[in-house]
Amino acid sequence: MNNPQATDMALSILRAGDPFQWYVITLLALTIYVYINEISKRNWKGVAAGLSLYMVHWFVEIVNALIQHFSGHALWTVPTGTAFLILVGVGVEISFMFSIAGLIFSKLLPEDPAMKIFGVNNRLLFVVGNAAFFSIFEIFLVRTPTFVWVYPWWGAFPVFITVYIPFFAAAFYAYDWKPRTQIIFISTLFAVNAASIIVFGGILKWI
């Protein structure tokens with residue numbers, strides 16, 4: 001699929017209702033269940049990890065959508081295969097996944113944040129390891145019609161550095177922060193993302 005075709009296809013279904021499928025409601029229910037279950041266990045550290053990653057996810061997707069507006073092509077697009085395309089590079093299904101990814105993978109973290117594995121701090125090792133796994137998985141995704149790396153220079157390594165390292169660094173380091181710091185980080189990014197969506201999406205119609 002060439003770049004103009006992928007871009008045109010993504011923009012043609014952007015926030016359109018036609019592709020909607022009912023399984024989205026099930027995914028929403030399951031996502032809510034995951035958080036309610038962790039809240040009932042008072043796993044606030046895991047909840048903070050999940051929300052921190054999700055806020056960074058939204059920030060990155062908004063930046064990608066702004067790149068689309070200003071350059072004509074986003075770095076990545078979702079031209080097909082989603083029941084609802086929220087922004088040019090993210091469908092509702094993958095957004096639900098990222099909403100719980102930080103929480104899920106935080107369960108793998110050792111209790112001691114200072115513990116070293118193979119001589120490397122475990123938090124750093126898990127950030128790099130998870131970022132590498134997701135970046136490599138994207139290599140498979142771009143071989144399907146549902147996900148496109150638009151520019152030839154954009155690939156697994158740039159994704160690893162600029163997308164997934166920030167995702168998992170936010171999740172795994174927020175896991176150990178004091179509650180006040182967690183709240184400030186999550187609420188600040190939420191405010192930035194919400195304001196960006198209102199201004200760039202609702203008012204200016206850029207994204």
# chains A, B, ... in the order shown; residues from 1 in each chain; ligands from 1

$ closest_atom_pairs --of "stretch 59-85 of chain A" --to "stretch 149-154 of chain A" --cutoff "9 Å" --atoms "only C-alpha atoms" --output "JSON lines"
{"residue": "A:His73", "atom": "CA", "partner": "A:Val150", "partner_atom": "CA", "distance": 7.1}
{"residue": "A:Ala74", "atom": "CA", "partner": "A:Val150", "partner_atom": "CA", "distance": 6.8}
{"residue": "A:Leu75", "atom": "CA", "partner": "A:Val150", "partner_atom": "CA", "distance": 5.4}
{"residue": "A:Trp76", "atom": "CA", "partner": "A:Trp149", "partner_atom": "CA", "distance": 4.6}
{"residue": "A:Thr77", "atom": "CA", "partner": "A:Trp149", "partner_atom": "CA", "distance": 6.8}

$ select_by_dssp --residues "stretch 48-119 of chain A" --states "strand (DSSP E)" --output "ChimeraX atom specification"
/A:76-77,85-87,90-91,116-117

$ closest_residue --among "A:Ile104, A:Val34, A:Ala6, A:Val199" --to "A:Ala171" --atoms "only C-alpha atoms"
A:Ile104

$ atom_distance --atom1 "atom CA of A:Asn3" --atom2 "atom CA of A:Glu138"
17.3 Å

$ residues_around --residues "A:Trp44" --least-positions-apart "2" --cutoff "12 Å" --atoms "only C-alpha atoms" --output "JSON, numbers by chain"
{"A": [35, 36, 37, 38, 39, 40, 41, 42, 46, 47, 48, 49, 50, 51, 52, 103, 106, 174, 175, 176, 177, 178, 179, 180, 182, 183]}

$ residues_around --residues "A:Phe134" --least-positions-apart "6" --cutoff "10 Å" --atoms "only C-alpha atoms" --output "PyMOL selection string"
chain A and resi 156+159-160+163-165

$ select_by_dssp --residues "stretch 80-146 of chain A" --states "alpha helix (DSSP H)" --output "VMD selection string"
chain A and resid 92 to 106 122 to 141

$ write_last_selection --atoms "C-alpha atoms" --output "PDB file, in the first residue's frame"
ATOM      1  CA  VAL A  92     -10.269   1.968  19.352  1.00  0.00           C
ATOM      2  CA  GLU A  93      -9.008  -1.609  19.784  1.00  0.00           C
ATOM      3  CA  ILE A  94      -5.337  -0.708  20.147  1.00  0.00           C
ATOM      4  CA  SER A  95      -6.230   2.214  22.386  1.00  0.00           C
ATOM      5  CA  PHE A  96      -8.057  -0.129  24.762  1.00  0.00           C
ATOM      6  CA  MET A  97      -4.998  -2.383  24.777  1.00  0.00           C
ATOM      7  CA  PHE A  98      -2.683   0.490  25.676  1.00  0.00           C
ATOM      8  CA  SER A  99      -5.078   1.602  28.398  1.00  0.00           C
ATOM      9  CA  ILE A 100      -4.250  -1.555  30.376  1.00  0.00           C
ATOM     10  CA  ALA A 101      -0.779  -2.461  29.046  1.00  0.00           C
ATOM     11  CA  GLY A 102       1.113  -0.559  31.722  1.00  0.00           C
ATOM     12  CA  LEU A 103      -0.981  -2.110  34.471  1.00  0.00           C
ATOM     13  CA  ILE A 104      -0.578  -5.631  33.101  1.00  0.00           C
ATOM     14  CA  PHE A 105       3.175  -5.488  32.588  1.00  0.00           C
ATOM     15  CA  SER A 106       3.756  -3.790  35.942  1.00  0.00           C
ATOM     16  CA  ASN A 122      15.323  -4.147  36.862  1.00  0.00           C
ATOM     17  CA  ARG A 123      13.104  -1.148  36.058  1.00  0.00           C
ATOM     18  CA  LEU A 124      15.402  -0.067  33.231  1.00  0.00           C
ATOM     19  CA  LEU A 125      15.699  -3.632  31.966  1.00  0.00           C
ATOM     20  CA  PHE A 126      11.926  -4.063  31.879  1.00  0.00           C
ATOM     21  CA  VAL A 127      11.482  -0.719  30.116  1.00  0.00           C
ATOM     22  CA  VAL A 128      13.930  -1.706  27.380  1.00  0.00           C
ATOM     23  CA  GLY A 129      12.685  -5.301  27.145  1.00  0.00           C
ATOM     24  CA  ASN A 130       9.010  -4.404  26.813  1.00  0.00           C
ATOM     25  CA  ALA A 131       9.761  -1.555  24.402  1.00  0.00           C
ATOM     26  CA  ALA A 132      11.789  -3.935  22.241  1.00  0.00           C
ATOM     27  CA  PHE A 133       9.017  -6.553  22.252  1.00  0.00           C
ATOM     28  CA  PHE A 134       6.358  -4.076  21.129  1.00  0.00           C
ATOM     29  CA  SER A 135       8.641  -2.537  18.494  1.00  0.00           C
ATOM     30  CA  ILE A 136       9.423  -5.934  17.016  1.00  0.00           C
ATOM     31  CA  PHE A 137       5.726  -6.838  17.034  1.00  0.00           C
ATOM     32  CA  GLU A 138       5.022  -3.766  14.914  1.00  0.00           C
ATOM     33  CA  ILE A 139       7.190  -5.319  12.194  1.00  0.00           C
ATOM     34  CA  PHE A 140       4.482  -7.986  11.898  1.00  0.00           C
ATOM     35  CA  LEU A 141       1.676  -5.410  12.001  1.00  0.00           C
TER      36      LEU A 141
END

$ residues_around --residues "A:Leu14" --least-positions-apart "2" --cutoff "10 Å" --atoms "only C-alpha atoms" --output "NGL selection string"
:A and (8-12 or 16-17 or 78-79 or 84-91 or 207)

$ write_last_selection --atoms "N, CA and C atoms" --output "mmCIF file, in the first residue's frame"
data_model
loop_
_atom_site.group_PDB
_atom_site.id
_atom_site.type_symbol
_atom_site.label_atom_id
_atom_site.label_comp_id
_atom_site.auth_asym_id
_atom_site.auth_seq_id
_atom_site.Cartn_x
_atom_site.Cartn_y
_atom_site.Cartn_z
ATOM 1 N N ASP A 8 -5.156 8.435 2.565
ATOM 2 C CA ASP A 8 -6.529 8.690 2.114
ATOM 3 C C ASP A 8 -7.510 7.714 2.752
ATOM 4 N N MET A 9 -7.108 6.449 2.861
ATOM 5 C CA MET A 9 -7.993 5.444 3.453
ATOM 6 C C MET A 9 -8.226 5.732 4.931
ATOM 7 N N ALA A 10 -7.153 6.109 5.637
ATOM 8 C CA ALA A 10 -7.296 6.417 7.060
ATOM 9 C C ALA A 10 -8.201 7.628 7.273
ATOM 10 N N LEU A 11 -7.987 8.671 6.493
ATOM 11 C CA LEU A 11 -8.807 9.871 6.648
ATOM 12 C C LEU A 11 -10.259 9.620 6.274
ATOM 13 N N SER A 12 -10.500 8.671 5.370
ATOM 14 C CA SER A 12 -11.878 8.390 4.941
ATOM 15 C C SER A 12 -12.704 7.708 6.032
ATOM 16 N N ALA A 16 -15.528 7.825 11.701
ATOM 17 C CA ALA A 16 -16.759 7.489 10.975
ATOM 18 C C ALA A 16 -17.478 6.349 11.690
ATOM 19 N N GLY A 17 -18.786 6.357 11.638
ATOM 20 C CA GLY A 17 -19.552 5.326 12.329
ATOM 21 C C GLY A 17 -19.750 4.047 11.537
ATOM 22 N N VAL A 78 -3.639 3.961 10.386
ATOM 23 C CA VAL A 78 -4.472 2.750 10.446
ATOM 24 C C VAL A 78 -5.517 2.895 9.348
ATOM 25 N N PRO A 79 -5.230 2.393 8.149
ATOM 26 C CA PRO A 79 -6.134 2.614 7.020
ATOM 27 C C PRO A 79 -7.339 1.693 6.989
ATOM 28 N N PHE A 84 -13.401 1.614 14.856
ATOM 29 C CA PHE A 84 -13.551 3.060 15.021
ATOM 30 C C PHE A 84 -12.166 3.673 15.082
ATOM 31 N N LEU A 85 -11.833 4.509 14.104
ATOM 32 C CA LEU A 85 -10.538 5.170 14.056
ATOM 33 C C LEU A 85 -10.628 6.478 14.837
ATOM 34 N N ILE A 86 -9.972 6.531 15.979
ATOM 35 C CA ILE A 86 -10.075 7.696 16.864
ATOM 36 C C ILE A 86 -9.239 8.855 16.334
ATOM 37 N N LEU A 87 -7.975 8.584 16.075
ATOM 38 C CA LEU A 87 -7.064 9.518 15.423
ATOM 39 C C LEU A 87 -6.418 8.769 14.269
ATOM 40 N N VAL A 88 -5.713 9.479 13.406
ATOM 41 C CA VAL A 88 -5.246 8.877 12.157
ATOM 42 C C VAL A 88 -4.377 7.634 12.377
ATOM 43 N N GLY A 89 -3.726 7.549 13.532
ATOM 44 C CA GLY A 89 -2.834 6.423 13.774
ATOM 45 C C GLY A 89 -3.282 5.463 14.846
ATOM 46 N N VAL A 90 -4.506 5.602 15.330
ATOM 47 C CA VAL A 90 -4.930 4.716 16.424
ATOM 48 C C VAL A 90 -6.422 4.393 16.332
ATOM 49 N N GLY A 91 -6.701 3.085 16.302
ATOM 50 C CA GLY A 91 -8.074 2.618 16.360
ATOM 51 C C GLY A 91 -8.475 2.329 17.794
ATOM 52 N N ILE A 207 -6.953 17.556 13.776
ATOM 53 C CA ILE A 207 -6.684 16.147 14.026
ATOM 54 C C ILE A 207 -7.979 15.335 14.046
#

$ atom_distance --atom1 "atom CA of A:Val56" --atom2 "atom CA of A:Phe167"
6.0 Å

$ atom_distance --atom1 "atom CA of A:Ser196" --atom2 "atom CA of A:Met55"
12.4 Å
